[in-house]
Each structure stands twice: as structure tokens, then as C-alpha cells.
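Structure file input_4.txt (compact mmCIF, C-alpha atoms) is printed below.
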```
# COMPACT_ATOMS: atom_id res chain seq x y z
CA MET A 1 2.52 23.04 -14.64
CA ILE A 2 5.48 21.59 -16.56
CA ASP A 3 5.68 17.80 -16.47
CA LEU A 4 9.33 16.86 -15.97
CA PHE A 5 8.80 13.09 -16.04
CA PRO A 6 9.04 12.63 -19.85
CA VAL A 7 12.65 13.80 -19.54
CA ALA A 8 13.55 12.66 -16.01
CA GLY A 9 11.89 9.24 -16.20
CA PRO A 10 14.05 7.76 -19.00
CA LEU A 11 17.18 9.17 -17.37
CA LEU A 12 16.29 7.63 -14.00
CA ARG A 13 15.58 4.26 -15.61
CA ARG A 14 19.14 4.20 -16.95
CA LEU A 15 20.33 4.03 -13.34
CA ASP A 16 20.21 1.16 -10.87
CA PRO A 17 16.60 1.07 -9.60
CA GLU A 18 17.51 1.69 -5.96
CA THR A 19 19.79 4.59 -6.88
CA ALA A 20 17.03 6.06 -9.04
CA HIS A 21 14.58 5.77 -6.18
CA GLY A 22 16.96 7.50 -3.81
CA LEU A 23 17.42 10.38 -6.25
CA THR A 24 13.65 10.68 -6.64
CA VAL A 25 13.17 10.96 -2.89
CA SER A 26 15.95 13.55 -2.73
CA ALA A 27 14.31 15.59 -5.49
CA LEU A 28 11.00 15.49 -3.64
CA LYS A 29 12.69 16.60 -0.40
CA THR A 30 14.31 19.58 -2.07
CA GLY A 31 11.15 20.68 -3.87
CA LEU A 32 12.39 19.93 -7.39
CA VAL A 33 9.25 17.94 -8.19
CA PRO A 34 6.37 20.36 -8.81
CA ALA A 35 3.07 19.81 -7.03
CA ASN A 36 0.29 18.27 -9.08
CA ARG A 37 -2.89 18.70 -7.06
CA ALA A 38 -6.07 18.73 -9.12
CA ALA A 39 -9.42 20.07 -7.96
CA ALA A 40 -11.14 17.49 -5.79
CA ASP A 41 -14.08 15.76 -7.47
CA PRO A 42 -16.92 15.40 -4.96
CA ALA A 43 -17.81 11.98 -6.41
CA LEU A 44 -14.48 10.65 -5.12
CA ALA A 45 -14.73 11.97 -1.57
CA CYS A 46 -15.26 9.28 1.05
CA ARG A 47 -15.40 8.99 4.81
CA LEU A 48 -13.91 5.90 6.42
CA TRP A 49 -12.89 5.21 10.04
CA GLY A 50 -13.90 8.76 10.87
CA LEU A 51 -11.38 10.10 8.34
CA ASP A 52 -12.26 12.25 5.34
CA PHE A 53 -10.48 11.23 2.14
CA ALA A 54 -10.57 13.80 -0.68
CA ASN A 55 -10.04 10.92 -3.08
CA PRO A 56 -9.48 7.16 -2.64
CA VAL A 57 -6.11 6.88 -4.39
CA GLY A 58 -3.26 6.35 -1.96
CA LEU A 59 0.49 5.79 -2.10
CA ALA A 60 1.37 2.28 -0.99
CA ALA A 61 4.01 1.53 1.62
CA GLY A 62 7.51 1.02 0.28
CA PHE A 63 7.99 4.26 -1.62
CA ASP A 64 8.54 6.43 1.46
CA LYS A 65 9.92 3.88 3.89
CA ASN A 66 11.38 6.48 6.24
CA ALA A 67 8.68 9.18 6.22
CA GLU A 68 10.92 11.60 4.38
CA VAL A 69 8.42 12.93 1.83
CA PRO A 70 4.79 12.28 2.84
CA ASP A 71 3.74 15.89 2.24
CA ALA A 72 5.52 16.06 -1.11
CA MET A 73 3.65 12.95 -2.20
CA LEU A 74 0.33 14.29 -0.93
CA ALA A 75 1.06 17.29 -3.17
CA GLN A 76 1.11 14.90 -6.15
CA GLY A 77 -2.63 14.40 -5.71
CA PHE A 78 -2.79 11.32 -3.51
CA GLY A 79 -5.74 11.14 -1.15
CA PHE A 80 -3.50 9.54 1.47
CA VAL A 81 0.09 8.36 1.87
CA GLU A 82 1.40 5.31 3.73
CA VAL A 83 4.96 5.40 5.08
CA GLY A 84 7.07 2.39 6.06
CA SER A 85 7.45 -0.43 6.61
CA VAL A 86 9.27 0.64 9.76
CA THR A 87 10.79 -1.68 12.35
CA PRO A 88 11.66 -0.89 15.98
CA ARG A 89 15.39 -0.89 15.29
CA PRO A 90 17.10 0.36 12.13
CA GLN A 91 18.16 -2.38 9.77
CA PRO A 92 20.03 -2.41 6.45
CA GLY A 93 17.86 -5.00 4.73
CA ASN A 94 19.17 -7.53 2.25
CA PRO A 95 22.37 -7.11 0.21
CA ARG A 96 22.25 -5.10 -3.01
CA PRO A 97 21.24 -5.46 -5.77
CA ARG A 98 17.78 -6.12 -4.37
CA VAL A 99 15.35 -4.51 -6.78
CA PHE A 100 14.95 -5.29 -10.49
CA ARG A 101 12.91 -3.68 -13.25
CA LEU A 102 10.81 -5.52 -15.79
CA PRO A 103 9.97 -2.60 -18.10
CA GLU A 104 8.09 -4.56 -20.77
CA GLN A 105 5.82 -5.98 -18.06
CA ARG A 106 5.65 -2.63 -16.18
CA ALA A 107 6.72 -4.51 -13.07
CA LEU A 108 9.37 -4.74 -10.37
CA ILE A 109 10.86 -7.51 -8.27
CA ASN A 110 12.24 -6.46 -4.90
CA ARG A 111 13.81 -8.17 -1.92
CA TYR A 112 14.57 -5.12 0.17
CA GLY A 113 13.98 -6.87 3.49
CA PHE A 114 12.47 -4.02 5.54
CA ASN A 115 15.47 -1.72 5.17
CA ASN A 116 14.63 1.42 7.15
CA ASP A 117 15.95 4.07 9.54
CA GLY A 118 14.12 2.64 12.54
CA LEU A 119 11.24 3.76 14.69
CA ASP A 120 12.96 6.64 16.49
CA ILE A 121 13.84 8.50 13.28
CA VAL A 122 10.53 7.81 11.53
CA ALA A 123 8.58 8.90 14.62
CA ALA A 124 10.59 12.13 14.81
CA ARG A 125 9.81 12.92 11.16
CA LEU A 126 6.11 12.28 11.67
CA GLU A 127 6.18 14.40 14.81
CA ALA A 128 7.71 17.25 12.82
CA ARG A 129 4.79 17.25 10.36
CA SER A 130 2.17 17.16 13.12
CA GLY A 131 -0.71 19.49 12.36
CA ARG A 132 -0.18 19.60 8.61
CA PRO A 133 -3.14 18.71 6.38
CA GLY A 134 -3.34 15.37 4.63
CA LEU A 135 -3.81 11.79 5.74
CA VAL A 136 -0.66 9.77 6.47
CA GLY A 137 -0.68 6.17 7.62
CA ALA A 138 2.21 4.14 9.00
CA ASN A 139 3.06 0.54 8.13
CA VAL A 140 4.87 -1.40 10.87
CA GLY A 141 6.96 -4.56 10.66
CA LYS A 142 9.32 -6.69 12.70
CA ASN A 143 13.09 -6.76 12.81
CA LYS A 144 14.59 -9.75 11.06
CA GLU A 145 16.17 -11.23 14.19
CA THR A 146 13.19 -10.72 16.53
CA ALA A 147 11.73 -14.03 17.71
CA ASP A 148 8.64 -12.54 19.35
CA ALA A 149 7.15 -10.85 16.30
CA ALA A 150 4.09 -9.50 18.10
CA ALA A 151 6.34 -7.59 20.51
CA ASP A 152 7.87 -5.62 17.64
CA TYR A 153 4.48 -4.79 16.17
CA ALA A 154 3.24 -3.65 19.58
CA ILE A 155 6.26 -1.36 19.96
CA GLY A 156 5.59 0.24 16.58
CA ILE A 157 1.88 0.66 17.27
CA ARG A 158 2.42 2.30 20.65
CA ARG A 159 5.03 4.70 19.29
CA LEU A 160 3.22 5.76 16.13
CA ALA A 161 -0.42 5.74 17.22
CA ARG A 162 -0.57 9.44 18.04
CA LEU A 163 1.43 10.38 14.92
CA ALA A 164 -0.37 8.47 12.15
CA ASP A 165 -3.92 8.65 10.82
CA TYR A 166 -4.01 4.86 10.55
CA LEU A 167 -1.66 1.95 11.23
CA VAL A 168 -0.92 -1.20 9.22
CA VAL A 169 0.35 -4.53 10.52
CA ASN A 170 2.43 -5.94 7.67
CA VAL A 171 2.70 -9.73 7.83
CA SER A 172 2.88 -10.30 4.09
CA SER A 173 6.27 -9.18 2.82
CA PRO A 174 8.07 -12.17 1.28
CA ASN A 175 11.48 -10.71 2.12
CA THR A 176 11.65 -11.29 5.89
CA PRO A 177 12.11 -14.99 6.74
CA GLY A 178 9.05 -16.52 8.39
CA LEU A 179 6.97 -13.35 8.21
CA ARG A 180 4.19 -14.78 6.06
CA THR A 181 3.66 -17.66 8.47
CA LEU A 182 2.07 -15.07 10.76
CA GLN A 183 -0.95 -15.17 8.44
CA GLY A 184 -1.89 -18.62 9.80
CA ARG A 185 -5.01 -18.78 11.96
CA GLY A 186 -3.34 -19.28 15.36
CA PRO A 187 -0.36 -16.92 14.95
CA LEU A 188 -2.55 -14.28 13.33
CA ALA A 189 -5.14 -14.35 16.10
CA GLU A 190 -2.43 -13.88 18.73
CA LEU A 191 -0.70 -11.15 16.72
CA LEU A 192 -3.90 -9.17 16.21
CA ASP A 193 -4.92 -9.55 19.85
CA ARG A 194 -1.59 -8.15 21.02
CA SER A 195 -1.57 -5.45 18.35
CA LEU A 196 -5.06 -4.31 19.30
CA ALA A 197 -4.10 -4.35 22.99
CA ALA A 198 -1.16 -2.07 22.18
CA ARG A 199 -3.48 0.23 20.25
CA ALA A 200 -5.92 0.27 23.17
CA GLU A 201 -3.12 1.50 25.46
CA THR A 202 -2.77 4.58 23.27
CA ALA A 203 -6.43 5.53 23.67
CA ALA A 204 -5.61 7.05 27.07
CA ALA A 205 -3.41 9.54 25.23
CA GLY A 206 -6.40 10.59 23.18
CA LYS A 207 -5.75 8.78 19.90
CA ALA A 208 -6.42 5.18 18.85
CA PRO A 209 -6.11 5.17 15.05
CA PRO A 210 -7.65 2.52 12.78
CA LEU A 211 -5.58 -0.67 12.64
CA LEU A 212 -5.36 -2.57 9.35
CA LEU A 213 -3.77 -5.86 8.31
CA LYS A 214 -1.85 -6.20 5.03
CA ILE A 215 -2.05 -9.67 3.49
CA ALA A 216 -0.36 -11.53 0.65
CA PRO A 217 -1.89 -12.48 -2.70
CA ASP A 218 -0.41 -15.99 -2.46
CA LEU A 219 -3.10 -17.55 -0.30
CA THR A 220 -5.02 -20.82 -0.45
CA ASP A 221 -8.79 -20.84 -0.08
CA GLU A 222 -8.27 -22.13 3.46
CA ASP A 223 -5.85 -19.28 4.21
CA LYS A 224 -8.34 -16.70 2.98
CA GLY A 225 -11.15 -18.20 5.02
CA ASP A 226 -9.00 -18.26 8.15
CA ILE A 227 -7.86 -14.66 7.69
CA ALA A 228 -11.43 -13.47 7.15
CA GLU A 229 -12.69 -15.24 10.27
CA VAL A 230 -9.82 -14.04 12.46
CA ALA A 231 -10.05 -10.50 11.13
CA LEU A 232 -13.78 -10.25 11.83
CA ALA A 233 -13.47 -11.83 15.26
CA SER A 234 -10.52 -9.67 16.28
CA GLY A 235 -12.13 -6.30 15.68
CA ILE A 236 -9.44 -4.86 13.42
CA ASP A 237 -10.56 -2.04 11.17
CA GLY A 238 -9.67 -3.24 7.68
CA LEU A 239 -7.49 -5.24 5.30
CA ILE A 240 -5.02 -4.17 2.62
CA VAL A 241 -5.15 -6.62 -0.28
CA SER A 242 -2.43 -7.22 -1.29
CA ASN A 243 1.33 -7.19 -0.95
CA THR A 244 3.74 -8.42 -3.64
CA THR A 245 3.64 -11.98 -4.98
CA VAL A 246 6.26 -14.72 -4.95
CA SER A 247 4.64 -16.30 -8.01
CA ARG A 248 6.09 -15.72 -11.46
CA PRO A 249 3.41 -15.50 -14.18
CA PRO A 250 4.36 -16.72 -17.67
CA GLY A 251 6.06 -14.26 -19.97
CA LEU A 252 8.55 -12.69 -17.55
CA PRO A 253 12.19 -12.46 -18.71
CA PRO A 254 13.74 -15.67 -17.31
CA ALA A 255 16.87 -14.02 -15.92
CA VAL A 256 14.92 -11.48 -13.88
CA ALA A 257 12.10 -13.89 -13.00
CA ALA A 258 14.71 -16.11 -11.35
CA GLU A 259 15.51 -13.40 -8.80
CA THR A 260 14.00 -14.00 -5.38
CA GLY A 261 11.65 -11.41 -3.95
CA GLY A 262 8.19 -9.99 -4.40
CA LEU A 263 6.77 -9.16 -7.82
CA SER A 264 4.70 -5.98 -8.13
CA GLY A 265 3.13 -4.04 -10.96
CA ALA A 266 0.89 -5.01 -13.86
CA PRO A 267 1.39 -8.83 -13.62
CA LEU A 268 -0.03 -8.72 -10.07
CA LYS A 269 -3.24 -6.96 -11.12
CA ALA A 270 -5.54 -9.91 -11.80
CA ALA A 271 -4.41 -12.05 -8.87
CA SER A 272 -4.62 -9.24 -6.31
CA THR A 273 -8.07 -8.21 -7.53
CA ALA A 274 -9.28 -11.82 -7.31
CA VAL A 275 -8.08 -12.10 -3.70
CA LEU A 276 -9.71 -8.75 -2.94
CA ALA A 277 -13.05 -10.01 -4.28
CA ASP A 278 -12.71 -13.20 -2.24
CA MET A 279 -12.02 -11.25 0.96
CA TYR A 280 -15.00 -8.98 0.36
CA ARG A 281 -17.21 -12.02 -0.08
CA LEU A 282 -15.75 -13.86 2.91
CA THR A 283 -16.17 -10.85 5.18
CA GLY A 284 -19.63 -10.09 3.84
CA GLY A 285 -18.57 -6.54 3.02
CA ARG A 286 -18.39 -5.81 6.76
CA LEU A 287 -14.69 -4.97 6.81
CA PRO A 288 -13.32 -2.05 4.74
CA LEU A 289 -10.77 -3.19 2.17
CA VAL A 290 -7.93 -1.33 0.50
CA GLY A 291 -7.13 -2.64 -2.98
CA CYS A 292 -3.45 -2.70 -3.89
CA GLY A 293 -1.56 -4.40 -6.69
CA GLY A 294 -1.15 -3.61 -10.37
CA ILE A 295 -3.11 -0.35 -10.55
CA GLU A 296 -1.96 1.80 -13.46
CA SER A 297 -5.17 3.43 -14.70
CA GLY A 298 -8.53 4.71 -13.57
CA ARG A 299 -10.09 1.55 -14.98
CA ASP A 300 -7.80 -0.59 -12.81
CA ALA A 301 -8.77 1.42 -9.73
CA TYR A 302 -12.45 1.07 -10.65
CA ALA A 303 -12.08 -2.70 -10.97
CA LYS A 304 -10.74 -2.80 -7.41
CA VAL A 305 -13.64 -0.66 -6.16
CA ARG A 306 -16.23 -2.84 -7.85
CA ALA A 307 -14.50 -5.92 -6.41
CA GLY A 308 -14.89 -4.50 -2.90
CA ALA A 309 -12.23 -1.86 -2.24
CA SER A 310 -13.20 1.32 -0.41
CA LEU A 311 -9.73 2.76 -1.09
CA VAL A 312 -6.89 1.83 -3.46
CA GLN A 313 -3.10 2.16 -3.41
CA LEU A 314 -0.33 2.12 -6.00
CA TYR A 315 3.44 2.46 -6.22
CA THR A 316 5.09 0.51 -9.06
CA ALA A 317 3.19 2.29 -11.84
CA LEU A 318 4.81 5.56 -10.76
CA VAL A 319 8.18 4.16 -11.90
CA TYR A 320 6.89 3.85 -15.46
CA ARG A 321 4.23 6.56 -15.68
CA GLY A 322 5.36 9.27 -13.27
CA PRO A 323 3.40 11.34 -10.73
CA ARG A 324 0.92 12.73 -13.28
CA LEU A 325 -0.65 9.29 -13.22
CA VAL A 326 -2.33 10.08 -9.89
CA SER A 327 -4.49 12.89 -11.27
CA GLU A 328 -5.25 10.82 -14.38
CA ILE A 329 -6.51 7.93 -12.28
CA ASN A 330 -8.71 10.20 -10.18
CA ARG A 331 -10.13 11.91 -13.27
CA ASP A 332 -10.88 8.65 -15.06
CA LEU A 333 -12.23 6.95 -11.95
CA ALA A 334 -14.76 9.75 -11.45
CA ALA A 335 -15.81 9.47 -15.10
CA LEU A 336 -16.29 5.71 -14.82
CA LEU A 337 -18.39 6.08 -11.69
CA ARG A 338 -20.70 8.54 -13.40
CA ALA A 339 -20.88 6.48 -16.59
CA ASP A 340 -22.24 3.58 -14.57
CA GLY A 341 -24.74 5.77 -12.76
CA PHE A 342 -22.95 6.06 -9.41
CA SER A 343 -23.06 9.47 -7.77
CA SER A 344 -20.44 8.58 -5.18
CA LEU A 345 -17.57 6.18 -4.68
CA LYS A 346 -19.19 4.35 -1.78
CA ASP A 347 -22.15 3.37 -3.99
CA ALA A 348 -19.81 1.46 -6.30
CA VAL A 349 -17.89 -0.45 -3.60
CA GLY A 350 -18.54 -4.16 -4.12
CA ALA A 351 -20.83 -3.55 -7.10
CA ASP A 352 -19.62 -6.71 -8.85
CA HIS A 353 -21.06 -8.75 -5.98
CA ARG A 354 -24.55 -7.37 -6.51
CA ARG A 355 -26.48 -8.94 -9.36
CA ALA A 356 -28.52 -5.84 -10.10
CA SER A 357 -25.54 -3.52 -10.35
CA PRO A 358 -24.57 -1.93 -13.68
CA VAL A 359 -21.76 -3.76 -15.43
CA SER A 360 -18.67 -1.84 -16.48
CA PRO A 361 -16.56 -2.90 -19.47
CA ALA A 362 -13.86 -5.38 -18.52
CA ALA A 363 -10.75 -3.87 -17.01
```

Do you think you could lay out the structure here as C-alpha cells?
Amino acid sequence: MIDLFPVAGPLLRRLDPETAHGLTVSALKTGLVPANRAAADPALACRLWGLDFANPVGLAAGFDKNAEVPDAMLAQGFGFVEVGSVTPRPQPGNPRPRVFRLPEQRALINRYGFNNDGLDIVAARLEARSGRPGLVGANVGKNKETADAAADYAIGIRRLARLADYLVVNVSSPNTPGLRTLQGRGPLAELLDRSLAARAETAAAGKAPPLLLKIAPDLTDEDKGDIAEVALASGIDGLIVSNTTVSRPPGLPPAVAAETGGLSGAPLKAASTAVLADMYRLTGGRLPLVGCGGIESGRDAYAKVRAGASLVQLYTALVYRGPRLVSEINRDLAALLRADGFSSLKDAVGADHRRASPVSPAA
């Protein structure tokens, strides 16, 4: 299969990032991007929440906000795709420009602000793909002006429960005012209770998908402890660790670093993996974790798995490496598992927390 990215990638990066992203989605919709499915490696297969994942590498929310191309992205070799974030009502998000490249750091800063087509349109698109193979999750958020945040999440959960393989409550985007305060112990407990109640209502219709919580990397030790306790007590099904960061590590170009928004990509790698390891320890490995943030190689994915991730997600690296990266990560991840004596992915999850486990070279 011809790889078009060596030609298309540099051309797209000459455009405004949001324009380039829109053109990429359009190309995927029209079939101009060739499929890139590789043969599934049995070492990477995993079963979680009653779902069978051919491989653990997923597409993070944000790329396909409006559920326009989930099947086209599954065809790139992802084991699962997450659409959204979607809010009950359509909203334009923040003014443009609102996304900025940092090519030398292989990173992005965005302040999109949950721009999306709204729940009705996203639900209709997911309905249209009903019955097709491949796992597709949906990430739900709140409208900017909504005072009762939990009400918006409940609306999204009820509407999408029968259409998605799993659901994600996103309280960690830095681009909606006040959203991250929902990660506090009291607000989070109430939000999860109401979200789970909304999910329970859908069980009568025959489907109550797993419900996950997506958290920020910018958390104090107290925050992490509170989230772990609330998550375990609530009965939610997992955590996604993590969203983008509002921190600005040294070495970023000052002009771009001064832009408000969430930083993603390679500079987020170490911090997100550290929070992932903390959450695995704090939950005692009892709650499945999805590792997200800075993954751009099989070794990065393996570091997340050893830190406690049962699945991983990426997005920003695609901007710089293209869709072929997905099959490369899966290939290299399988090789790393076998090199360390693991016959399956699940055997490696949390290996860094077990003293007797084999030690892989540093990521």
C-alpha cells in the first residue's frame, strides 16, 4: 500500500492547523486515505469490560469530534476509536486561531473549547454505522453556559448509551471554564452518581456500556487520592489518564508557550505516565486504566502498559508521523512484550509495580 503521508504531511503542515485537520477529515470521508490494517498479533488481543480489542492502541477523543470518520480511522489499524467530545447542544467553541503546532517538540497547544455539531447530529452518525465491526466509544462533555454540569453529562449518556461501545465523562479539558473543578471530591462524587444513574436507565433498553472518567495530568497528590477513592466507591468502569496539560515544560518556543490552552504530544509523555502509575497504585490495580499522552512509539505505549494501562490512546503524534504510526506501534509493542517474556498484553499491565517483573530498557 502506498504511503501518501511523506508527501501530504509536509503540505498539510504548511496550512493553519485547524484547516489541515479539516482537510484530513474530508480526505478520510471521501476514501482518499488508504486503509492500513495489519494482521492482528494475538499477543496484543485483550478483553476488557466484555469487549474484545484486537489491539490496545486507540484513537483519543478530539480527532473525530463529530463522529464523521470512526470507520476510516479503524481502518488505519486502531483497536478502538473514541469520538467527541460532544455536548448536548452544538457550540462553536473558542475563537480562532485556537490550535498551535510546536513541530520541534512534536506537540500541539489547543483551546478548541468543545466545538462540535451537538448530540443530535453525532447520535445520528453513530446510528448510521450501527452493526459495523469495530469498537467506537463516545466522549461526552457539557455546554459552556450550562450551570448544572451533571445534567448535560446525563443527557449525553442517555442518548449515546445504545450507540457506543463505551462512554467517557470528560471533566479534564482546560478549555471550558470551571470544568476541571468537577474533579474535586464532592463535585466528582455527585457527577459520577448522576452519570451512573443515567447509564442505569439505559439498561432497560438492553445496553449499559462501560462508563469511564477522563482526568487531567495537572493534579496534586490530594487530588489523585480523592479521585481514586471516589472512582472506586462510585463503581465506574475505568479511568483515562490523561487529558492535555496547562503546564509549560522548559524548552518550548516562548511565543507559542504563551498561548492559553492544553499542551499535548511528546512533552506530556513523562507527566501523564507518572500520573497513570500513581492512579494504578492508588486504585490497587482494581480499576482498568487507559494511558493517554505523548505516545509516539511502541516503546512509549509499552511504558504506559507497564505503568498500569490496559489500553492506550494517541492523537497528536499522527500530526507529525501519519497513520502508518499505528501499525508501527502495534508491531513494536508486540516485540517488546515478547522480549520481556510476556505472552500476552494483560500479563504486562502494571509490571513496573511488581518487584519480580522483568525490567525493560527505559522509554

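The residue set within 8 Å of region 212-219 of chain A, counting only C-alpha atoms and dropping same-chain residues fewer than 6 places from it, reads A:Tyr166, A:Leu167, A:Val168, A:Val169, A:Asn170, A:Val171, A:Ser172, A:Ser173, A:Arg180, A:Gln183, A:Ile236, A:Asp237, A:Gly238, A:Leu239, A:Ile240, A:Val241, A:Ser242, A:Asn243, A:Thr244, A:Thr245, A:Val246, A:Ser247, A:Ala271, A:Ser272, A:Val275.
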
Exercise for the section: Could you give me, as an NGL selection string, the residues that sit within 9 Å of (15.5, 2.5, 21.3) in the file's coordinates, counting all atoms listed in the file? Expected result: :A and (88-89 or 118-120)

Excluding Ala27 (chain A) and any residue of its chain fewer than 2 positions from it, enumerate the residues within 12 Å of it, using all atoms listed in the file, and give them as a short mmCIF file (atom, residue, chain, number, x, y, z; two decimals) with C-alpha atoms, in the coordinates of the input.
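Contents of part.cif, freshly written:
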```cif
data_model
loop_
_atom_site.label_atom_id
_atom_site.label_comp_id
_atom_site.auth_asym_id
_atom_site.auth_seq_id
_atom_site.Cartn_x
_atom_site.Cartn_y
_atom_site.Cartn_z
CA LEU A 4 9.33 16.86 -15.97
CA ALA A 8 13.55 12.66 -16.01
CA LEU A 12 16.29 7.63 -14.00
CA ALA A 20 17.03 6.06 -9.04
CA HIS A 21 14.58 5.77 -6.18
CA GLY A 22 16.96 7.50 -3.81
CA LEU A 23 17.42 10.38 -6.25
CA THR A 24 13.65 10.68 -6.64
CA VAL A 25 13.17 10.96 -2.89
CA LYS A 29 12.69 16.60 -0.40
CA THR A 30 14.31 19.58 -2.07
CA GLY A 31 11.15 20.68 -3.87
CA LEU A 32 12.39 19.93 -7.39
CA VAL A 33 9.25 17.94 -8.19
CA PRO A 34 6.37 20.36 -8.81
CA GLU A 68 10.92 11.60 4.38
CA VAL A 69 8.42 12.93 1.83
CA ALA A 72 5.52 16.06 -1.11
CA MET A 73 3.65 12.95 -2.20
#
```

Problem - Long-range neighbours of region 113-116 of chain A as an MDAnalysis selection string, 10 Å cut-off, all atoms listed in the file, 3 positions minimum in chain - result: chainID A and resid 62 64:67 84:95 98 110 119 121:122 140:144 173:177 261

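Protein and nucleic acid residues near (-4.8, 3.8, -3.8) are Asn55, Pro56, Val57, Gly58, Leu59, Ala60, Phe78, Gly79, Phe80, Val81, Glu82, Val290, Gly291, Cys292, Gly293, Ile295, Ala301, Lys304, Ala309, Ser310, Leu311, Val312, Gln313, Leu314, Tyr315, Val326, Ile329 and Asn330 of chain A, the criterion being any atom at most 10 Å away using only C-alpha atoms.
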
Handout entry: Residue contacts of Ala266 (chain A) (9 Å, all atoms listed in the file) excluding same-chain residues fewer than 3 positions away, as an NGL selection string
Key = :A and (105-107 or 269-270 or 293-296 or 316-317)

Problem - Nearest to Thr260 (chain A) by atom-to-atom distance, counting all atoms listed in the file, from A:Arg299, A:Lys346, A:Tyr112, A:Ser195 - result: A:Tyr112

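Checking A:Leu11, A:Val349, A:Ala274, A:Ala161 one by one against Glu201 (chain A), counting only C-alpha atoms, you find the shortest gap at A:Ala161.
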
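The closest residue to Val7 (chain A), picked from A:Arg199, A:Arg338, A:Arg321, A:Arg331 and counting all atoms listed in the file, is A:Arg321.
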